[in-house]
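Student: Here it is: the structure, laid out below.
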Amino acid sequence: KKAYEQAQRAVTDQAVQVAATYVIPLDRLARTIAKLDCLASLAYVSLMNDWSRPVMLPNQVQGSATWKEETTQSNVLELKGLRHPCVERTLGVGRYVPSDLRLSSLSSYSSHCASSSSPSLVDKENESDCQREHADQESKLCLLTGPNMGGKSTFMRAIGLAVYMAHLGCYVPCSVASIPVMDRILVRGLAGASDSSQAGISTFMAEMLNTASLLRRATERSLVLVDELGRGTSVH
């Protein structure tokens, strides 16, 4: 019996040693299959739901000959016919009412209006007039208001999903999409906020602390989505 157990242990050890030589190839095979499965799934849902290929606008390097014009275009986030993929799937294709969005960072019109010659008082006045003119056309902030159950949070989620999916390499649920390359997506309060009585933090204070944390981390290349700001305090 003892000899049998030793022989059995030796066979088991040998089998483990042989199997260990296939760990690296099997790991590479699993990663490859996972990538193919992910890409195939994204391609399938994009085709079945009539999603569109987004135009990704790269970051421009300051100093190039066409930097001002390129920066103006690369700082614009434009989504036409935007839908929330999950809500549209629930309602059925054709029943979801799409929305449009166009946002531009401040540098898009400030760089467009900047003078290339030596700055002077006249140049500064012309630059300010140009910035005010473009500020009416482009906005880096969208303040969304409306009644309860009006679709505000769904619209904000759809924006975040579209930007995230585009950076993932997937088609987006839009008819037309131009999305600049972003460094991060910062989100707060899409499910509301809660207080912390033991720490002496009210609901409104918690919202302000969360919002301050977002603003400290945000850059000009960030997408910031803040939902239900000020919900913890009356705004009459």
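Residues in the structure tokens are numbered from 1 in each chain, the chains being A, B, ... in the order shown, and ligands are numbered from 1 in the order shown.
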Could you tell me, as a compact mmCIF listing (two decimals) with N, CA, C and O atoms, in the first residue's frame, which residues of range 70-99 of chain A DSSP assigns to strand (DSSP E) when given the backbone?
Tutor:
```txt
# COMPACT_ATOMS: atom_id res chain seq x y z
N VAL A 76 -14.16 70.24 -29.08
CA VAL A 76 -15.62 70.25 -29.18
C VAL A 76 -16.14 68.82 -29.02
O VAL A 76 -15.75 67.91 -29.76
N LEU A 77 -17.01 68.64 -28.05
CA LEU A 77 -17.73 67.38 -27.86
C LEU A 77 -19.12 67.54 -28.46
O LEU A 77 -19.93 68.33 -27.96
N GLU A 78 -19.40 66.82 -29.52
CA GLU A 78 -20.67 66.95 -30.22
C GLU A 78 -21.31 65.57 -30.38
O GLU A 78 -20.70 64.66 -30.95
N LEU A 79 -22.52 65.44 -29.87
CA LEU A 79 -23.28 64.19 -29.96
C LEU A 79 -24.65 64.51 -30.53
O LEU A 79 -25.41 65.28 -29.95
N LYS A 80 -24.96 63.96 -31.67
CA LYS A 80 -26.25 64.16 -32.31
C LYS A 80 -27.01 62.83 -32.34
O LYS A 80 -26.46 61.79 -32.65
N GLY A 81 -28.30 62.94 -32.02
CA GLY A 81 -29.11 61.72 -31.97
C GLY A 81 -28.67 60.77 -30.88
O GLY A 81 -28.68 59.55 -31.06
N LEU A 82 -28.30 61.32 -29.72
CA LEU A 82 -27.79 60.51 -28.61
C LEU A 82 -28.92 59.74 -27.95
O LEU A 82 -29.98 60.28 -27.66
N SER A 99 -31.41 62.88 -28.22
CA SER A 99 -31.05 64.24 -27.80
C SER A 99 -29.73 64.63 -28.46
O SER A 99 -28.97 63.78 -28.94
```
Student: What does the structure give for the distance between CA of Asp13 in chain A and CA of Ala30 in chain A, in Å to one decimal?
Tutor: 24.6 Å
Student: Determine, counting only C-alpha atoms, which protein, DNA and RNA residues have an atom within 8 Å of an atom of range 163-178 of chain A; residues of the same chain fewer than 3 positions away are not included. Present the result as a count of residues only.
Tutor: 26
Student: For Ile179 in chain A, which residue out of A:Leu103, A:Met149, A:Leu214, A:Met205 is the nearest one, using only C-alpha atoms?
Tutor: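 Using only C-alpha atoms, Ile179 in chain A sits closest to A:Leu103.
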